[in-house]
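See below for structure-v4.cif, which holds mmCIF, N, CA, C and O atoms.
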```cif
data_coords
#
loop_
_atom_site.label_atom_id
_atom_site.label_comp_id
_atom_site.auth_asym_id
_atom_site.auth_seq_id
_atom_site.Cartn_x
_atom_site.Cartn_y
_atom_site.Cartn_z
N MET A 297 13.28 44.54 145.29
CA MET A 297 14.41 43.63 145.37
C MET A 297 14.18 42.41 144.46
O MET A 297 15.12 41.87 143.92
N LYS A 298 12.93 42.04 144.31
CA LYS A 298 12.60 40.89 143.46
C LYS A 298 13.09 41.10 142.02
O LYS A 298 13.64 40.20 141.41
N ALA A 299 12.92 42.31 141.51
CA ALA A 299 13.36 42.61 140.14
C ALA A 299 14.87 42.49 140.00
O ALA A 299 15.38 42.00 138.98
N LEU A 300 15.61 42.90 141.03
CA LEU A 300 17.07 42.80 141.01
C LEU A 300 17.51 41.34 141.01
O LEU A 300 18.40 40.95 140.25
N LEU A 301 16.86 40.52 141.82
CA LEU A 301 17.19 39.09 141.84
C LEU A 301 16.87 38.43 140.51
O LEU A 301 17.62 37.58 140.03
N GLU A 302 15.77 38.84 139.90
CA GLU A 302 15.41 38.31 138.58
C GLU A 302 16.41 38.73 137.51
O GLU A 302 16.73 37.95 136.61
N ALA A 303 16.92 39.95 137.61
CA ALA A 303 17.92 40.42 136.65
C ALA A 303 19.20 39.60 136.77
O ALA A 303 19.81 39.23 135.76
N TYR A 304 19.63 39.32 137.99
CA TYR A 304 20.80 38.45 138.19
C TYR A 304 20.54 37.08 137.59
O TYR A 304 21.41 36.51 136.92
N ALA A 305 19.37 36.52 137.85
CA ALA A 305 19.05 35.18 137.38
C ALA A 305 19.07 35.08 135.85
O ALA A 305 19.32 34.01 135.30
N ALA A 306 18.81 36.18 135.17
CA ALA A 306 18.78 36.18 133.70
C ALA A 306 20.17 36.34 133.08
O ALA A 306 20.34 36.09 131.89
N ASP A 307 21.17 36.72 133.87
CA ASP A 307 22.52 36.96 133.37
C ASP A 307 23.19 35.66 132.92
O ASP A 307 23.07 34.63 133.59
N MET A 308 23.90 35.69 131.79
CA MET A 308 24.55 34.48 131.26
C MET A 308 25.64 33.95 132.18
O MET A 308 25.78 32.73 132.34
N ASP A 309 26.43 34.83 132.79
CA ASP A 309 27.47 34.38 133.71
C ASP A 309 26.86 33.71 134.93
O ASP A 309 27.35 32.70 135.41
N PHE A 310 25.78 34.27 135.42
CA PHE A 310 25.05 33.67 136.54
C PHE A 310 24.55 32.28 136.16
O PHE A 310 24.70 31.32 136.92
N GLN A 311 23.96 32.18 135.00
CA GLN A 311 23.44 30.88 134.54
C GLN A 311 24.56 29.86 134.36
O GLN A 311 24.36 28.67 134.56
N SER A 312 25.75 30.32 134.00
CA SER A 312 26.90 29.42 133.89
C SER A 312 27.26 28.83 135.25
O SER A 312 27.56 27.64 135.36
N VAL A 313 27.24 29.67 136.27
CA VAL A 313 27.51 29.19 137.64
C VAL A 313 26.44 28.18 138.06
O VAL A 313 26.74 27.11 138.58
N VAL A 314 25.19 28.51 137.82
CA VAL A 314 24.08 27.62 138.18
C VAL A 314 24.21 26.29 137.44
O VAL A 314 24.04 25.23 138.02
N SER A 315 24.54 26.36 136.17
CA SER A 315 24.70 25.14 135.37
C SER A 315 25.80 24.25 135.94
O SER A 315 25.63 23.03 136.04
N GLY A 316 26.92 24.85 136.31
CA GLY A 316 28.01 24.09 136.91
C GLY A 316 27.59 23.42 138.20
O GLY A 316 27.90 22.25 138.44
N LEU A 317 26.88 24.14 139.04
CA LEU A 317 26.41 23.56 140.30
C LEU A 317 25.43 22.42 140.06
O LEU A 317 25.50 21.39 140.73
N ARG A 318 24.55 22.60 139.10
CA ARG A 318 23.57 21.54 138.81
C ARG A 318 24.23 20.30 138.19
O ARG A 318 23.70 19.21 138.30
N LYS A 319 25.38 20.49 137.57
CA LYS A 319 26.10 19.35 136.99
C LYS A 319 26.99 18.65 138.01
O LYS A 319 27.71 17.73 137.67
N GLY A 320 26.94 19.12 139.27
CA GLY A 320 27.67 18.42 140.31
C GLY A 320 28.89 19.12 140.86
O GLY A 320 29.54 18.59 141.76
N MET A 321 29.22 20.29 140.34
CA MET A 321 30.35 21.03 140.92
C MET A 321 29.96 21.43 142.33
O MET A 321 28.90 22.02 142.54
N ARG A 322 30.77 21.09 143.31
CA ARG A 322 30.42 21.32 144.70
C ARG A 322 30.76 22.74 145.17
O ARG A 322 30.28 23.17 146.21
N GLU A 323 31.58 23.45 144.44
CA GLU A 323 31.95 24.80 144.84
C GLU A 323 32.23 25.64 143.60
O GLU A 323 32.55 25.10 142.53
N GLN A 324 32.09 26.94 143.75
CA GLN A 324 32.34 27.87 142.65
C GLN A 324 33.13 29.04 143.20
O GLN A 324 32.90 29.48 144.33
N LEU A 325 34.05 29.56 142.41
CA LEU A 325 34.75 30.78 142.75
C LEU A 325 34.21 31.87 141.84
O LEU A 325 34.29 31.77 140.62
N ILE A 326 33.64 32.90 142.46
CA ILE A 326 33.07 34.01 141.71
C ILE A 326 33.82 35.26 142.13
O ILE A 326 33.87 35.59 143.31
N SER A 327 34.40 35.96 141.18
CA SER A 327 35.17 37.17 141.51
C SER A 327 34.62 38.36 140.74
O SER A 327 33.82 38.20 139.81
N GLY A 328 35.06 39.54 141.13
CA GLY A 328 34.68 40.75 140.42
C GLY A 328 33.45 41.45 140.96
O GLY A 328 33.04 42.47 140.43
N LEU A 329 32.86 40.92 142.01
CA LEU A 329 31.70 41.57 142.61
C LEU A 329 32.16 42.44 143.78
O LEU A 329 33.00 42.02 144.58
N ALA A 330 31.60 43.62 143.90
CA ALA A 330 32.00 44.52 144.97
C ALA A 330 30.81 44.88 145.84
O ALA A 330 29.66 44.90 145.38
N GLY A 331 31.07 45.15 147.10
CA GLY A 331 30.04 45.61 148.01
C GLY A 331 28.89 44.65 148.15
O GLY A 331 29.06 43.43 148.16
N SER A 332 27.70 45.20 148.21
CA SER A 332 26.50 44.39 148.43
C SER A 332 26.10 43.56 147.21
O SER A 332 25.22 42.70 147.31
N SER A 333 26.75 43.78 146.08
CA SER A 333 26.42 42.96 144.91
C SER A 333 26.75 41.48 145.17
O SER A 333 26.13 40.60 144.60
N ARG A 334 27.71 41.22 146.04
CA ARG A 334 28.02 39.83 146.42
C ARG A 334 26.81 39.17 147.07
O ARG A 334 26.46 38.04 146.75
N GLN A 335 26.20 39.92 147.99
CA GLN A 335 25.06 39.35 148.70
C GLN A 335 23.85 39.17 147.79
O GLN A 335 23.09 38.21 147.94
N VAL A 336 23.68 40.08 146.84
CA VAL A 336 22.58 39.92 145.88
C VAL A 336 22.82 38.67 145.04
O VAL A 336 21.90 37.90 144.77
N MET A 337 24.07 38.43 144.65
CA MET A 337 24.41 37.23 143.90
C MET A 337 24.13 35.98 144.74
O MET A 337 23.56 35.00 144.24
N ILE A 338 24.53 35.99 146.00
CA ILE A 338 24.28 34.86 146.89
C ILE A 338 22.78 34.61 147.03
O ILE A 338 22.32 33.48 146.96
N ALA A 339 22.01 35.69 147.20
CA ALA A 339 20.56 35.56 147.34
C ALA A 339 19.94 34.99 146.06
O ALA A 339 19.06 34.11 146.12
N ALA A 340 20.39 35.46 144.92
CA ALA A 340 19.87 34.95 143.65
C ALA A 340 20.21 33.48 143.48
O ALA A 340 19.38 32.68 143.03
N LEU A 341 21.43 33.09 143.86
CA LEU A 341 21.81 31.67 143.81
C LEU A 341 20.96 30.84 144.75
O LEU A 341 20.53 29.72 144.41
N SER A 342 20.71 31.36 145.93
CA SER A 342 19.88 30.64 146.90
C SER A 342 18.48 30.40 146.35
O SER A 342 17.95 29.29 146.46
N LYS A 343 17.91 31.42 145.75
CA LYS A 343 16.57 31.28 145.16
C LYS A 343 16.59 30.30 143.98
O LYS A 343 15.70 29.46 143.84
N GLU A 344 17.60 30.41 143.13
CA GLU A 344 17.68 29.57 141.93
C GLU A 344 17.92 28.10 142.27
O GLU A 344 17.32 27.21 141.69
N MET A 345 18.82 27.85 143.23
CA MET A 345 19.18 26.48 143.57
C MET A 345 18.22 25.84 144.57
O MET A 345 18.13 24.63 144.65
N ASN A 346 17.53 26.66 145.35
CA ASN A 346 16.57 26.18 146.33
C ASN A 346 17.16 25.12 147.26
O ASN A 346 16.58 24.04 147.45
N GLN A 347 18.34 25.42 147.78
CA GLN A 347 18.99 24.52 148.73
C GLN A 347 19.87 25.34 149.66
O GLN A 347 20.23 26.46 149.34
N PRO A 348 20.23 24.80 150.81
CA PRO A 348 21.06 25.57 151.75
C PRO A 348 22.42 25.91 151.14
O PRO A 348 22.97 25.16 150.34
N MET A 349 22.95 27.06 151.56
CA MET A 349 24.27 27.51 151.11
C MET A 349 25.09 27.89 152.33
O MET A 349 24.54 28.39 153.32
N LEU A 350 26.38 27.71 152.24
CA LEU A 350 27.31 28.09 153.29
C LEU A 350 28.22 29.18 152.74
O LEU A 350 28.84 29.01 151.69
N VAL A 351 28.32 30.29 153.47
CA VAL A 351 29.20 31.39 153.09
C VAL A 351 30.24 31.52 154.20
O VAL A 351 29.90 31.69 155.37
N VAL A 352 31.50 31.44 153.85
CA VAL A 352 32.60 31.54 154.81
C VAL A 352 33.28 32.88 154.65
O VAL A 352 33.60 33.29 153.53
N THR A 353 33.50 33.58 155.77
CA THR A 353 34.16 34.87 155.74
C THR A 353 35.40 34.83 156.62
O THR A 353 35.62 33.86 157.34
N HIS A 354 36.17 35.89 156.60
CA HIS A 354 37.42 35.93 157.35
C HIS A 354 37.25 36.43 158.78
O HIS A 354 38.17 36.28 159.59
N ASN A 355 36.09 37.04 159.11
CA ASN A 355 35.87 37.47 160.50
C ASN A 355 34.38 37.67 160.75
O ASN A 355 33.56 37.65 159.83
N MET A 356 34.02 37.88 162.02
CA MET A 356 32.63 38.01 162.41
C MET A 356 31.99 39.29 161.87
O MET A 356 30.82 39.29 161.50
N PHE A 357 32.76 40.37 161.78
CA PHE A 357 32.22 41.62 161.24
C PHE A 357 31.73 41.40 159.81
O PHE A 357 30.62 41.83 159.44
N ALA A 358 32.54 40.76 158.98
CA ALA A 358 32.15 40.49 157.59
C ALA A 358 30.93 39.59 157.54
O ALA A 358 30.03 39.79 156.72
N ALA A 359 30.88 38.59 158.42
CA ALA A 359 29.73 37.68 158.46
C ALA A 359 28.45 38.43 158.83
O ALA A 359 27.39 38.20 158.23
N GLN A 360 28.54 39.33 159.79
CA GLN A 360 27.37 40.12 160.18
C GLN A 360 26.89 41.01 159.05
O GLN A 360 25.69 41.14 158.82
N LYS A 361 27.82 41.64 158.35
CA LYS A 361 27.46 42.50 157.23
C LYS A 361 26.75 41.70 156.12
O LYS A 361 25.73 42.13 155.57
N ILE A 362 27.30 40.55 155.81
CA ILE A 362 26.69 39.69 154.79
C ILE A 362 25.29 39.27 155.22
O ILE A 362 24.34 39.32 154.43
N ALA A 363 25.15 38.84 156.47
CA ALA A 363 23.84 38.41 156.98
C ALA A 363 22.83 39.55 156.91
O ALA A 363 21.67 39.35 156.50
N GLU A 364 23.24 40.77 157.30
CA GLU A 364 22.34 41.92 157.24
C GLU A 364 21.87 42.19 155.80
O GLU A 364 20.70 42.47 155.56
N ASP A 365 22.80 42.14 154.87
CA ASP A 365 22.44 42.37 153.46
C ASP A 365 21.55 41.25 152.92
O ASP A 365 20.62 41.52 152.16
N LEU A 366 21.83 40.01 153.31
CA LEU A 366 21.02 38.90 152.82
C LEU A 366 19.58 38.97 153.33
O LEU A 366 18.64 38.60 152.62
N VAL A 367 19.40 39.47 154.56
CA VAL A 367 18.05 39.61 155.10
C VAL A 367 17.23 40.60 154.26
O VAL A 367 16.02 40.48 154.16
N GLU A 368 17.91 41.56 153.62
CA GLU A 368 17.22 42.50 152.74
C GLU A 368 16.75 41.83 151.45
O GLU A 368 15.79 42.28 150.83
N CYS A 369 17.43 40.77 151.03
CA CYS A 369 17.11 40.08 149.78
C CYS A 369 16.25 38.84 149.99
O CYS A 369 15.47 38.47 149.11
N LEU A 370 16.44 38.18 151.11
CA LEU A 370 15.72 36.96 151.44
C LEU A 370 14.88 37.20 152.68
O LEU A 370 15.03 38.22 153.34
N SER A 371 14.05 36.27 153.03
CA SER A 371 13.29 36.44 154.27
C SER A 371 14.23 36.17 155.46
O SER A 371 15.18 35.39 155.35
N PRO A 372 13.97 36.82 156.60
CA PRO A 372 14.85 36.64 157.77
C PRO A 372 15.00 35.19 158.23
O PRO A 372 16.04 34.82 158.74
N ASN A 373 13.98 34.37 158.01
CA ASN A 373 14.09 32.97 158.43
C ASN A 373 14.92 32.12 157.47
O ASN A 373 15.18 30.96 157.73
N GLU A 374 15.38 32.72 156.36
CA GLU A 374 16.26 32.02 155.43
C GLU A 374 17.74 32.30 155.68
O GLU A 374 18.60 31.74 155.00
N VAL A 375 18.04 33.20 156.61
CA VAL A 375 19.42 33.62 156.88
C VAL A 375 19.79 33.25 158.31
O VAL A 375 19.08 33.62 159.25
N LEU A 376 20.88 32.53 158.47
CA LEU A 376 21.36 32.15 159.79
C LEU A 376 22.81 32.60 159.92
O LEU A 376 23.64 32.28 159.07
N LEU A 377 23.09 33.35 160.97
CA LEU A 377 24.46 33.81 161.21
C LEU A 377 25.11 32.90 162.21
O LEU A 377 24.60 32.63 163.26
#
```
Mind converting the file's structure to structure tokens?
Amino acid sequence: MKALLEAYAADMDFQSVVSGLRKGMREQLISGLAGSSRQVMIAALSKEMNQPMLVVTHNMFAAQKIAEDLVECLSPNEVLL
């Protein structure tokens, strides 16, 4: 999983999002990701930014799915549902 997170971190679009956040943008809209690739992106952002993140979903089922996927990418103590 580490190699996948590193691959995301090297992507130019990913770095553009990180750059915007570091310049003070408080939120980002990222589209075009499907399935678990969203959670890999969130995990890579979490590692890159090294700060807490809030993910809002439309229901508890979606929140549980995201949390389960994030635990695969991050340590369980880094994910709170």
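Here the PyMOL selection byres (((chain A and resi 304 and name CA) around 10) and name CA) matches the residues Ala299, Leu300, Leu301, Glu302, Ala303, Ala305, Ala306, Asp307, Met308, Asp309, Phe310, Gln311, Ser333, Val336, Met337, Ala339, Ala340 and Leu341 of chain A.
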Based on the backbone DSSP call, show me all residues of chain A assigned alpha helix (DSSP H), as an MDAnalysis selection string. chainID A and resid 298:306 308:318 333:345 356:369
Residues in the PyMOL selection byres (((chain A and resi 349 and name CA) around 12) and name CA), expressed as a PDB file with N, CA, C and O atoms, in the frame of the given file:
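Wrote it out as expr-v1.pdb, contents follow:
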```pdb
ATOM      1  N   LEU A 317      26.880  24.140 139.040  1.00  0.00           N
ATOM      2  CA  LEU A 317      26.410  23.560 140.300  1.00  0.00           C
ATOM      3  C   LEU A 317      25.430  22.420 140.060  1.00  0.00           C
ATOM      4  O   LEU A 317      25.500  21.390 140.730  1.00  0.00           O
ATOM      5  N   ARG A 322      30.770  21.090 143.310  1.00  0.00           N
ATOM      6  CA  ARG A 322      30.420  21.320 144.700  1.00  0.00           C
ATOM      7  C   ARG A 322      30.760  22.740 145.170  1.00  0.00           C
ATOM      8  O   ARG A 322      30.280  23.170 146.210  1.00  0.00           O
ATOM      9  N   GLU A 323      31.580  23.450 144.440  1.00  0.00           N
ATOM     10  CA  GLU A 323      31.950  24.800 144.840  1.00  0.00           C
ATOM     11  C   GLU A 323      32.230  25.640 143.600  1.00  0.00           C
ATOM     12  O   GLU A 323      32.550  25.100 142.530  1.00  0.00           O
ATOM     13  N   GLN A 324      32.090  26.940 143.750  1.00  0.00           N
ATOM     14  CA  GLN A 324      32.340  27.870 142.650  1.00  0.00           C
ATOM     15  C   GLN A 324      33.130  29.040 143.200  1.00  0.00           C
ATOM     16  O   GLN A 324      32.900  29.480 144.330  1.00  0.00           O
ATOM     17  N   ILE A 338      24.530  35.990 146.000  1.00  0.00           N
ATOM     18  CA  ILE A 338      24.280  34.860 146.890  1.00  0.00           C
ATOM     19  C   ILE A 338      22.780  34.610 147.030  1.00  0.00           C
ATOM     20  O   ILE A 338      22.320  33.480 146.960  1.00  0.00           O
ATOM     21  N   ALA A 339      22.010  35.690 147.200  1.00  0.00           N
ATOM     22  CA  ALA A 339      20.560  35.560 147.340  1.00  0.00           C
ATOM     23  C   ALA A 339      19.940  34.990 146.060  1.00  0.00           C
ATOM     24  O   ALA A 339      19.060  34.110 146.120  1.00  0.00           O
ATOM     25  N   ALA A 340      20.390  35.460 144.920  1.00  0.00           N
ATOM     26  CA  ALA A 340      19.870  34.950 143.650  1.00  0.00           C
ATOM     27  C   ALA A 340      20.210  33.480 143.480  1.00  0.00           C
ATOM     28  O   ALA A 340      19.380  32.680 143.030  1.00  0.00           O
ATOM     29  N   LEU A 341      21.430  33.090 143.860  1.00  0.00           N
ATOM     30  CA  LEU A 341      21.810  31.670 143.810  1.00  0.00           C
ATOM     31  C   LEU A 341      20.960  30.840 144.750  1.00  0.00           C
ATOM     32  O   LEU A 341      20.530  29.720 144.410  1.00  0.00           O
ATOM     33  N   SER A 342      20.710  31.360 145.930  1.00  0.00           N
ATOM     34  CA  SER A 342      19.880  30.640 146.900  1.00  0.00           C
ATOM     35  C   SER A 342      18.480  30.400 146.350  1.00  0.00           C
ATOM     36  O   SER A 342      17.950  29.290 146.460  1.00  0.00           O
ATOM     37  N   LYS A 343      17.910  31.420 145.750  1.00  0.00           N
ATOM     38  CA  LYS A 343      16.570  31.280 145.160  1.00  0.00           C
ATOM     39  C   LYS A 343      16.590  30.300 143.980  1.00  0.00           C
ATOM     40  O   LYS A 343      15.700  29.460 143.840  1.00  0.00           O
ATOM     41  N   GLU A 344      17.600  30.410 143.130  1.00  0.00           N
ATOM     42  CA  GLU A 344      17.680  29.570 141.930  1.00  0.00           C
ATOM     43  C   GLU A 344      17.920  28.100 142.270  1.00  0.00           C
ATOM     44  O   GLU A 344      17.320  27.210 141.690  1.00  0.00           O
ATOM     45  N   MET A 345      18.820  27.850 143.230  1.00  0.00           N
ATOM     46  CA  MET A 345      19.180  26.480 143.570  1.00  0.00           C
ATOM     47  C   MET A 345      18.220  25.840 144.570  1.00  0.00           C
ATOM     48  O   MET A 345      18.130  24.630 144.650  1.00  0.00           O
ATOM     49  N   ASN A 346      17.530  26.660 145.350  1.00  0.00           N
ATOM     50  CA  ASN A 346      16.570  26.180 146.330  1.00  0.00           C
ATOM     51  C   ASN A 346      17.160  25.120 147.260  1.00  0.00           C
ATOM     52  O   ASN A 346      16.580  24.040 147.450  1.00  0.00           O
ATOM     53  N   GLN A 347      18.340  25.420 147.780  1.00  0.00           N
ATOM     54  CA  GLN A 347      18.990  24.520 148.730  1.00  0.00           C
ATOM     55  C   GLN A 347      19.870  25.340 149.660  1.00  0.00           C
ATOM     56  O   GLN A 347      20.230  26.460 149.340  1.00  0.00           O
ATOM     57  N   PRO A 348      20.230  24.800 150.810  1.00  0.00           N
ATOM     58  CA  PRO A 348      21.060  25.570 151.750  1.00  0.00           C
ATOM     59  C   PRO A 348      22.420  25.910 151.140  1.00  0.00           C
ATOM     60  O   PRO A 348      22.970  25.160 150.340  1.00  0.00           O
ATOM     61  N   LEU A 350      26.380  27.710 152.240  1.00  0.00           N
ATOM     62  CA  LEU A 350      27.310  28.090 153.290  1.00  0.00           C
ATOM     63  C   LEU A 350      28.220  29.180 152.740  1.00  0.00           C
ATOM     64  O   LEU A 350      28.840  29.010 151.690  1.00  0.00           O
ATOM     65  N   VAL A 351      28.320  30.290 153.470  1.00  0.00           N
ATOM     66  CA  VAL A 351      29.200  31.390 153.090  1.00  0.00           C
ATOM     67  C   VAL A 351      30.240  31.520 154.200  1.00  0.00           C
ATOM     68  O   VAL A 351      29.900  31.690 155.370  1.00  0.00           O
ATOM     69  N   VAL A 352      31.500  31.440 153.850  1.00  0.00           N
ATOM     70  CA  VAL A 352      32.600  31.540 154.810  1.00  0.00           C
ATOM     71  C   VAL A 352      33.280  32.880 154.650  1.00  0.00           C
ATOM     72  O   VAL A 352      33.600  33.290 153.530  1.00  0.00           O
ATOM     73  N   LEU A 366      21.830  40.010 153.310  1.00  0.00           N
ATOM     74  CA  LEU A 366      21.020  38.900 152.820  1.00  0.00           C
ATOM     75  C   LEU A 366      19.580  38.970 153.330  1.00  0.00           C
ATOM     76  O   LEU A 366      18.640  38.600 152.620  1.00  0.00           O
ATOM     77  N   GLU A 374      15.380  32.720 156.360  1.00  0.00           N
ATOM     78  CA  GLU A 374      16.260  32.020 155.430  1.00  0.00           C
ATOM     79  C   GLU A 374      17.740  32.300 155.680  1.00  0.00           C
ATOM     80  O   GLU A 374      18.600  31.740 155.000  1.00  0.00           O
ATOM     81  N   VAL A 375      18.040  33.200 156.610  1.00  0.00           N
ATOM     82  CA  VAL A 375      19.420  33.620 156.880  1.00  0.00           C
ATOM     83  C   VAL A 375      19.790  33.250 158.310  1.00  0.00           C
ATOM     84  O   VAL A 375      19.080  33.620 159.250  1.00  0.00           O
ATOM     85  N   LEU A 376      20.880  32.530 158.470  1.00  0.00           N
ATOM     86  CA  LEU A 376      21.360  32.150 159.790  1.00  0.00           C
ATOM     87  C   LEU A 376      22.810  32.600 159.920  1.00  0.00           C
ATOM     88  O   LEU A 376      23.640  32.280 159.070  1.00  0.00           O
ATOM     89  N   LEU A 377      23.090  33.350 160.970  1.00  0.00           N
ATOM     90  CA  LEU A 377      24.460  33.810 161.210  1.00  0.00           C
ATOM     91  C   LEU A 377      25.110  32.900 162.210  1.00  0.00           C
ATOM     92  O   LEU A 377      24.600  32.630 163.260  1.00  0.00           O
TER      93      LEU A 377
END
```
Å distance separating CA of Ile326 (chain A) from atom N of Met297 (chain A), one decimal place: 22.7 Å
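Atom pair CA of Val367 (chain A) / atom O of Ser327 (chain A) has a distance of 22.0 Å (rounded to one decimal).
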As a check of understanding: the span from atom O of Lys298 (chain A) to atom O of Gly316 (chain A) is 23.1 Å
Give me region 340-348 of chain A with all heavy atoms filled in, as an mmCIF file, in the frame of the given file.
```
data_model
loop_
_atom_site.group_PDB
_atom_site.id
_atom_site.type_symbol
_atom_site.label_atom_id
_atom_site.label_comp_id
_atom_site.auth_asym_id
_atom_site.auth_seq_id
_atom_site.Cartn_x
_atom_site.Cartn_y
_atom_site.Cartn_z
ATOM 1 N N ALA A 340 20.390 35.460 144.920
ATOM 2 C CA ALA A 340 19.870 34.950 143.650
ATOM 3 C C ALA A 340 20.210 33.480 143.480
ATOM 4 O O ALA A 340 19.380 32.680 143.030
ATOM 5 C CB ALA A 340 20.421 35.767 142.481
ATOM 6 N N LEU A 341 21.430 33.090 143.860
ATOM 7 C CA LEU A 341 21.810 31.670 143.810
ATOM 8 C C LEU A 341 20.960 30.840 144.750
ATOM 9 O O LEU A 341 20.530 29.720 144.410
ATOM 10 C CB LEU A 341 23.287 31.492 144.163
ATOM 11 C CG LEU A 341 24.284 31.694 143.055
ATOM 12 C CD1 LEU A 341 25.706 31.677 143.607
ATOM 13 C CD2 LEU A 341 24.125 30.647 141.972
ATOM 14 N N SER A 342 20.710 31.360 145.930
ATOM 15 C CA SER A 342 19.880 30.640 146.900
ATOM 16 C C SER A 342 18.480 30.400 146.350
ATOM 17 O O SER A 342 17.950 29.290 146.460
ATOM 18 C CB SER A 342 19.800 31.441 148.204
ATOM 19 O OG SER A 342 18.934 30.826 149.113
ATOM 20 N N LYS A 343 17.910 31.420 145.750
ATOM 21 C CA LYS A 343 16.570 31.280 145.160
ATOM 22 C C LYS A 343 16.590 30.300 143.980
ATOM 23 O O LYS A 343 15.700 29.460 143.840
ATOM 24 C CB LYS A 343 16.050 32.639 144.689
ATOM 25 C CG LYS A 343 15.730 33.589 145.800
ATOM 26 C CD LYS A 343 14.499 33.137 146.539
ATOM 27 C CE LYS A 343 14.073 34.205 147.532
ATOM 28 N NZ LYS A 343 13.018 33.727 148.413
ATOM 29 N N GLU A 344 17.600 30.410 143.130
ATOM 30 C CA GLU A 344 17.680 29.570 141.930
ATOM 31 C C GLU A 344 17.920 28.100 142.270
ATOM 32 O O GLU A 344 17.320 27.210 141.690
ATOM 33 C CB GLU A 344 18.797 30.090 141.026
ATOM 34 C CG GLU A 344 18.894 29.401 139.692
ATOM 35 C CD GLU A 344 17.854 29.869 138.688
ATOM 36 O OE1 GLU A 344 17.277 30.948 138.851
ATOM 37 O OE2 GLU A 344 17.634 29.122 137.723
ATOM 38 N N MET A 345 18.820 27.850 143.230
ATOM 39 C CA MET A 345 19.180 26.480 143.570
ATOM 40 C C MET A 345 18.220 25.840 144.570
ATOM 41 O O MET A 345 18.130 24.630 144.650
ATOM 42 C CB MET A 345 20.605 26.434 144.137
ATOM 43 C CG MET A 345 21.667 26.898 143.158
ATOM 44 S SD MET A 345 21.713 25.948 141.616
ATOM 45 C CE MET A 345 22.183 24.341 142.230
ATOM 46 N N ASN A 346 17.530 26.660 145.350
ATOM 47 C CA ASN A 346 16.570 26.180 146.330
ATOM 48 C C ASN A 346 17.160 25.120 147.260
ATOM 49 O O ASN A 346 16.580 24.040 147.450
ATOM 50 C CB ASN A 346 15.298 25.664 145.642
ATOM 51 C CG ASN A 346 14.156 25.525 146.610
ATOM 52 O OD1 ASN A 346 14.090 26.229 147.602
ATOM 53 N ND2 ASN A 346 13.263 24.603 146.330
ATOM 54 N N GLN A 347 18.340 25.420 147.780
ATOM 55 C CA GLN A 347 18.990 24.520 148.730
ATOM 56 C C GLN A 347 19.870 25.340 149.660
ATOM 57 O O GLN A 347 20.230 26.460 149.340
ATOM 58 C CB GLN A 347 19.809 23.451 148.021
ATOM 59 C CG GLN A 347 20.963 23.969 147.204
ATOM 60 C CD GLN A 347 21.648 22.860 146.417
ATOM 61 O OE1 GLN A 347 21.056 21.843 146.127
ATOM 62 N NE2 GLN A 347 22.887 23.076 146.070
ATOM 63 N N PRO A 348 20.230 24.800 150.810
ATOM 64 C CA PRO A 348 21.060 25.570 151.750
ATOM 65 C C PRO A 348 22.420 25.910 151.140
ATOM 66 O O PRO A 348 22.970 25.160 150.340
ATOM 67 C CB PRO A 348 21.241 24.606 152.933
ATOM 68 C CG PRO A 348 20.147 23.620 152.807
ATOM 69 C CD PRO A 348 19.855 23.495 151.347
#
```
